[in-house]
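Down below is the structure, laid out as structure tokens.
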Amino acid sequence: MKSLLIPLLFVSTASFAQIAGQATPVDKIKIAKGFKVELLYSVPKETEGSWVAMTQDDKGRMICSDQYGALYRITPPAIGGSPGETKVEKLSIDFGHCQGLLYHAGALYGVVNDEVYQGRGLYRCKDTNGDDQFDTVELLRAFPGKSGEHGPHGVIASPDGKSLYVQCGNQLEEPNCETSRVPRNWAEDQLFPMLLGRGFMRDKLAPGGWLAKTDLDGKSWELMTIGTRNTYDIAINRNGDIFGFDADMEWDTGMPWYRPTRVCFMQSGGDFGWRTCSKKFPSRWEDSLPSAVDIGPGSPTGVAFGYGAKFPAKFQDALYICDWSYGKMYAVHLDQNGAGYTGAAEEFMSASPLPLTDIEVSKKDGAMYVSVGGRKVQSGLYRVTYTGSEKSDASEKSDLSDLAKVRASLEVPGTTIEAAWPQLSSADRHLRFAARIALEHQPVASWKDKALSEANPRAALTALMALARSSGGDKALQKPILDALGKIDFKRLKGIDRVTLIRDYMLAFTRMGEPDAATKAELIAKLNPLFPTNDTGLNRDLAEVLVYLGDAGIVAKAAPLVNDSPTQEEQIDYARILRFAKTGWTREHRADYFRWFLRAANYKGGASFDLFIGEIKTDALKTMTEEEKLAIKDVLDAKPEVKAPTFTVKPMQFVKAWTMADLEKSLGVGLEGNRDFQNGRNMFGAATCFACHRFNNEGGAVGPDLTSVAGKYSPRDLLEHILEPSKEISDQYGSTVFTKKDGSVVVGRIANMKEDIMMVCTNMMDPNNFTNVDVKDVVKTEESKVSMMPPGLLFMLKEDDILDLMAYLLSKGNPDDPMFVK
């Protein structure tokens with residue numbers, strides 16, 4: 001299903017010859033229809049380095065920073081002129097190593113991510129004598145701690161020009177901000193100890209990546225958001241709302257806590273839920289904010305809105321985001337959705353390789369300037385202009401929605417309890433979040449009793465979340481909070497309110513400790529009958545709470561799901577949760593649980609995958625007596641067979657080599673009601689679709705997210721993409737054939753680069769398996785005509801199973817869709 005993305009808007013060529021010392025040729029770059037790319041400058045790597053940050057000065061010149069060296073100023077030729085007229089000069093000032101640059105108010109601001117000069121921090125350069133050269137450098141604020149590439153990043157100006165916003169990755173502490181829009185009550189908030197994997201940043205606690213605001217002199221700082229992983233750059237839309245492109249943790253691919261790269265609306269006071277290793281918050285938890293758009297695996301770098309570009313209005317309003325590793329620039333079309341945003345990403349510019357680093361829309365000529373480079377790879381500067389027939393009139397600003405206006409009013413420091421309280425019960429998640437944050441800024445004593453006595457279920461859930469988070473660990477608050485939660489009727493709740501109820505129980509334990517034995521017994525009696533529900537995420541939260549409370553009865557209900565769940569991630573999550581269950585096991589349940597590890601040995605994931613699975617098994621063994629181990633010794637001693645991964649215990653048999661002619665006749669009446677939602681989801685797993693694709697926040701991420709296919713494809717087109725994956729290959733997920741000097745070929749997608757080495761993923765079912773290709777050894781590169789998605793995935797399914805799977809995809813994962821059996 002990797003051929004699913006957008007209609008073809010691109011032109012391309014079949015092959016190119018690699019030119020040493022030159023940036024990617026323009027005839028190799030795919031660009032949206034009607035647009036033109038020019039290569040203005042190939043950076044001499046040995047003398048001018050590899051450029052990672054860019055800004056424009058008041059004369060329309062670009063200023064770029066080498067990742068490990070100096071600053072360069074570029075005067076581009078007039079549009080229509082020769083790229084050979086591009087003027088490049090090294091600036092005389094001893095400054096650089098910037099991953100963020102901003103020319104503003106007559107000064108150059110640079111965010112240094114290195115030990116040079118006075119260390120990591122925000123600097124300002126000025127021209128004090130008017131000779132068109134910066135001659136002074138001032139450190140405005142040092143950033144504490146040491147970091148690698150996940151340190152200080154982008155810097156932009158506020159819409160009124162009076163402030164700066166600085167974005168930092170998750171390797172540094174926040175810079176001793178004098179004030180904070182984020183309540184300083186953040187914590188790890190997980191019931192069970194984390195799984196370490198390879199242990200990257202194992203000792204790093206919240207707040208993780210942060211966004212801060214400061215004045216132009218860098219004197220006063222305010223913390224704006226926390227909980228991102230490694231957002232490299234940010235941009236502000238016309239409404240004053242900030243957006244960032246946050247990074248995934250590629251080592252976690254295949255695990256239930258993996259989060260794809262994503263565009264985030266950086267809502268004031270927000271926590272986006274990054275925690276180290278296995279402790280990341282799932283998007284369903286309301287103590288964090290969800291993404292606006294999920295993108296997939298990648299390495300986020302520069303972002304910018306297209307405002308001021310001489311492009312059609314649709315492309316002026318787009319947020320452009322750069323993926324360094326896969327060489328993709330997306331135009332993200334955002335829409336207001338209540339008090340927040342949703343949107344869709346369209347591939348705009350791409351090549352393999354094309355290590356994109358930054359974007360600037362010129363105020364002088366209305367063109368888009370694009371830099372590539374980083375990690376000492378070949379760098380270059382490109383210009384993108386529109387040459388099509390659509391009008392390029394200036395786009396118009398759209399007003400904030402009424403809900404967004406309410407949200408903005410709640411984000412003003414000092415918002416009163418009276419103003420915030422009515423929005424605790426809002427149907428809009430972003431409004432509820434803003435109201436809760438406003439509440440948490442107030443003294444707990446002033447609203448505690450109101451929270452404990454709130455009668456509206458949704459308002460009570462939001463207020464009690466705020467109270468648990470603001471408790472300061474006061475054990476005396478636990479019983480009143482648990483009692484208040486106990487008064488809320490689970491059966492009358494729907495959707496995310498049910499999830500929030502169980503999350504509130506979690507927070508009552510993570511913040512105030514384990515309840516006493518009597519309370520545990522009372523909670524088990526109340527919560528155990530609720531399991532299972534028709535919400536897979538809620539089921540996992542319920543199971544975790546019940547295991548934490550010591551419920552012996554949850555094992556019989558949840559243990560079969562370790563083997564029977566249709567997704568690798570769901571199976572792993574139940575195995576993770578049940579590893580601490582000490583009672584309620586039968587010999588059969590134990591044996592089946594440990595047999596799962598034999599299957600999981602063939603599952604694939606990121607660099608930490610095998611270590612995570614091993615830790616789960618080690619922890620589970622620690623809960624067993626020697627007698628229990630002896631009883632299943634044959635299972636524990638068994639060695640896994642090396643074979644293709646299967647996500648169903650029930651053996652699958654070949655049914656038929658299905659064709660479009662066999663099935664398209666059934667797509668009309670066959671999809672009209674009475675389809676089985678759960679079977680469709682199970683078949684998505686049985687056909688191994690979940691191994692590569694996300695759907696409704698479940699599954700892998702190496703292929704396209706299929707949640708929105710219902711709005712893009714007819715049932716017939718969708719089925720054709722599945723049955724014939726090579727008929728139309730997505731530009732986003734197509735593979736490349738690299739022909740080497742010795743005649744050998746490597747087929748796959750570039751996933752990472754360093755200097756002259758390209759790391760090529762050759763099997764999308766095994767995202768951590770790379771083949772290194774030296775750029776100097778490549779003589780030809782061309783697009784593969786064969787999809788990386790294997791054909792025949794539906795040959796093991798019956799016709800009704802295929803129709804259930806199709807209906808499941810077209811429903812966007814909604815079990816209440818009328819096409820399904822209730």
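Following the order of the structure tokens, first chain is A, next is B, and so on, with residues numbered from 1 inside each chain and ligands from 1 in the order they appear.
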Q. As a ChimeraX atom specification, which residues of range 16-80 of chain A does DSSP assign to strand (DSSP E or B)?
A. /A:16,30-32,35-42,51-56,62-66,70-75
Write out, as a tab-separated table, each residue of range 340-378 of chain A that has an atom at most 7 Å from range 21-34 of chain A, together with the closest pair of atoms and their distance in Å to one decimal, counting only C-alpha atoms, rows going by chain and rising number.
residue	atom	partner	partner_atom	distance
A:Phe348	CA	A:Ala32	CA	5.1
A:Met349	CA	A:Ile31	CA	4.5
A:Ser350	CA	A:Lys30	CA	5.2
A:Ala351	CA	A:Ile29	CA	4.8
A:Leu354	CA	A:Thr24	CA	6.6
A:Gln378	CA	A:Ala23	CA	6.0
So that I can check the surroundings of Leu723 in chain A, please list as a PDB file with N, CA and C atoms, in the first residue's frame every protein, DNA and RNA residue that reaches within 7 Å of it, counting only C-alpha atoms and ignoring chain neighbours fewer than 4 positions away.
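Output file selection-v6.pdb is given in full below:
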ATOM      1  N   THR A 659      -7.506 -10.977  -8.506  1.00  0.00           N
ATOM      2  CA  THR A 659      -7.297  -9.922  -9.492  1.00  0.00           C
ATOM      3  C   THR A 659      -8.407  -8.894  -9.351  1.00  0.00           C
ATOM      4  N   LEU A 719      -8.419  -0.556  -3.929  1.00  0.00           N
ATOM      5  CA  LEU A 719      -8.174  -1.981  -4.137  1.00  0.00           C
ATOM      6  C   LEU A 719      -7.077  -2.203  -5.180  1.00  0.00           C
ATOM      7  N   PRO A 791       3.819  -7.840  -3.666  1.00  0.00           N
ATOM      8  CA  PRO A 791       2.483  -8.166  -4.171  1.00  0.00           C
ATOM      9  C   PRO A 791       1.935  -9.400  -3.461  1.00  0.00           C
ATOM     10  N   GLY A 792       0.679  -9.673  -3.669  1.00  0.00           N
ATOM     11  CA  GLY A 792       0.094 -10.923  -3.179  1.00  0.00           C
ATOM     12  C   GLY A 792      -0.291 -10.927  -1.719  1.00  0.00           C
TER      13      GLY A 792
END
Q: Just the residues within 10 Å of Val116 in chain A, please, counting only C-alpha atoms, with nothing from its chain fewer than 5 positions along; format it as a list in words.
A: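 Close residues of Val116 in chain A: Tyr68, Gly69, Phe95, Gly96 and His97 of chain A.
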**Q.** Å distance separating CA of Thr86 in chain A from CA of Lys310 in chain A, one decimal place
**A.** 20.7 Å
Go through range 556-593 of chain A residue by residue and, counting only C-alpha atoms, keep those with an atom at most 10 Å from range 239-256 of chain A; for each kept residue give the shortest atom pair and its distance in Å to one decimal, ordered by chain and increasing number, as CSV.
residue,atom,partner,partner_atom,distance
A:Thr567,CA,A:Pro256,CA,9.5
A:Gln568,CA,A:Gly254,CA,7.2
A:Glu569,CA,A:Pro256,CA,4.4
A:Glu570,CA,A:Pro256,CA,6.5
A:Gln571,CA,A:Pro256,CA,8.7
A:Ile572,CA,A:Pro256,CA,6.9
A:Asp573,CA,A:Pro256,CA,6.1
A:Tyr574,CA,A:Pro256,CA,9.8
A:Arg576,CA,A:Pro256,CA,9.7
Using N, CA and C atoms, can you export the residues from the last selection as a PDB file, in the first residue's frame?
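Everything below was put into selection34.pdb:
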ATOM      1  N   THR A 567      -1.766  -6.281  15.514  1.00  0.00           N
ATOM      2  CA  THR A 567      -0.594  -5.479  15.205  1.00  0.00           C
ATOM      3  C   THR A 567       0.579  -5.865  16.083  1.00  0.00           C
ATOM      4  N   GLN A 568       1.762  -5.756  15.509  1.00  0.00           N
ATOM      5  CA  GLN A 568       2.991  -6.007  16.257  1.00  0.00           C
ATOM      6  C   GLN A 568       3.067  -5.110  17.484  1.00  0.00           C
ATOM      7  N   GLU A 569       2.724  -3.834  17.296  1.00  0.00           N
ATOM      8  CA  GLU A 569       2.829  -2.874  18.397  1.00  0.00           C
ATOM      9  C   GLU A 569       1.880  -3.204  19.539  1.00  0.00           C
ATOM     10  N   GLU A 570       0.665  -3.621  19.209  1.00  0.00           N
ATOM     11  CA  GLU A 570      -0.301  -3.959  20.253  1.00  0.00           C
ATOM     12  C   GLU A 570       0.138  -5.210  21.012  1.00  0.00           C
ATOM     13  N   GLN A 571       0.630  -6.195  20.296  1.00  0.00           N
ATOM     14  CA  GLN A 571       1.135  -7.396  20.959  1.00  0.00           C
ATOM     15  C   GLN A 571       2.265  -7.034  21.926  1.00  0.00           C
ATOM     16  N   ILE A 572       3.188  -6.208  21.466  1.00  0.00           N
ATOM     17  CA  ILE A 572       4.317  -5.820  22.316  1.00  0.00           C
ATOM     18  C   ILE A 572       3.830  -5.072  23.540  1.00  0.00           C
ATOM     19  N   ASP A 573       2.837  -4.214  23.380  1.00  0.00           N
ATOM     20  CA  ASP A 573       2.350  -3.440  24.517  1.00  0.00           C
ATOM     21  C   ASP A 573       1.743  -4.346  25.586  1.00  0.00           C
ATOM     22  N   TYR A 574       0.966  -5.347  25.175  1.00  0.00           N
ATOM     23  CA  TYR A 574       0.418  -6.273  26.177  1.00  0.00           C
ATOM     24  C   TYR A 574       1.530  -7.089  26.835  1.00  0.00           C
ATOM     25  N   ARG A 576       4.552  -6.011  27.289  1.00  0.00           N
ATOM     26  CA  ARG A 576       5.198  -5.044  28.193  1.00  0.00           C
ATOM     27  C   ARG A 576       4.407  -4.885  29.479  1.00  0.00           C
TER      28      ARG A 576
END
Residues of range 209-395 of chain A in alpha helix (DSSP H) according to DSSP, as a compact mmCIF listing (two decimals) with N, CA and C atoms, in the first residue's frame?
# COMPACT_ATOMS: atom_id res chain seq x y z
N ALA A 313 -2.06 30.99 -4.64
CA ALA A 313 -2.47 31.24 -3.25
C ALA A 313 -2.34 30.00 -2.37
N LYS A 314 -2.70 28.83 -2.91
CA LYS A 314 -2.61 27.60 -2.13
C LYS A 314 -1.20 27.36 -1.62
N PHE A 315 -0.21 27.67 -2.47
CA PHE A 315 1.18 27.42 -2.09
C PHE A 315 1.78 28.57 -1.29
N GLN A 316 1.21 29.75 -1.39
CA GLN A 316 1.63 30.83 -0.50
C GLN A 316 1.25 30.52 0.95
**Q.** Polymer residues at most 9 Å from Tyr307 in chain A, only C-alpha atoms, same-chain spacing of 6 or more positions, as a count of residues only
**A.** 10
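The smallest atom-to-atom distance between Met512 in chain A and any of A:Ala657, A:Leu191, A:Leu797, A:Leu102, using only C-alpha atoms, is found for A:Leu191.
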Q: Tell me which protein, DNA and RNA residues are within 9 Å of Leu452 in chain A, counting only C-alpha atoms, leaving out same-chain ones fewer than 4 positions away, and put them as a PyMOL selection string.
A: chain A and resi 447-448+460+463-464+467+480-481+483-485
(Q) So that I can see what lies close to Cys168 in chain A, please list as a VMD selection string the residues with an atom at most 7 Å from it, counting only C-alpha atoms and leaving out residues fewer than 5 positions away in the same chain. (A) chain A and resid 151 to 153 209 to 211 231
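CA of Ser147 in chain A is positioned 15.5 Å from CA of Gly199 in chain A.
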Q. Restricting the calculation to only C-alpha atoms, which member of A:Ser453, A:Ser811, A:Thr385, A:Thr214 is positioned closest to Asp676 in chain A?
A.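 Counting only C-alpha atoms, the residue closest to Asp676 in chain A is A:Ser811.
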Q: Check the smallest atom-to-atom distance from each of A:Asp804, A:Arg492, A:Phe531, A:Glu514 to Gly473 in chain A using only C-alpha atoms, then report the winner.
A: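 Nearest to Gly473 in chain A: A:Glu514.
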(Q) Just checking: using only C-alpha atoms, which residue out of A:Tyr382, A:Phe490, A:Tyr713, A:Trp421 ends up closest to Ser42 in chain A? (A)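 The answer is A:Tyr382, which sits nearest to Ser42 in chain A.
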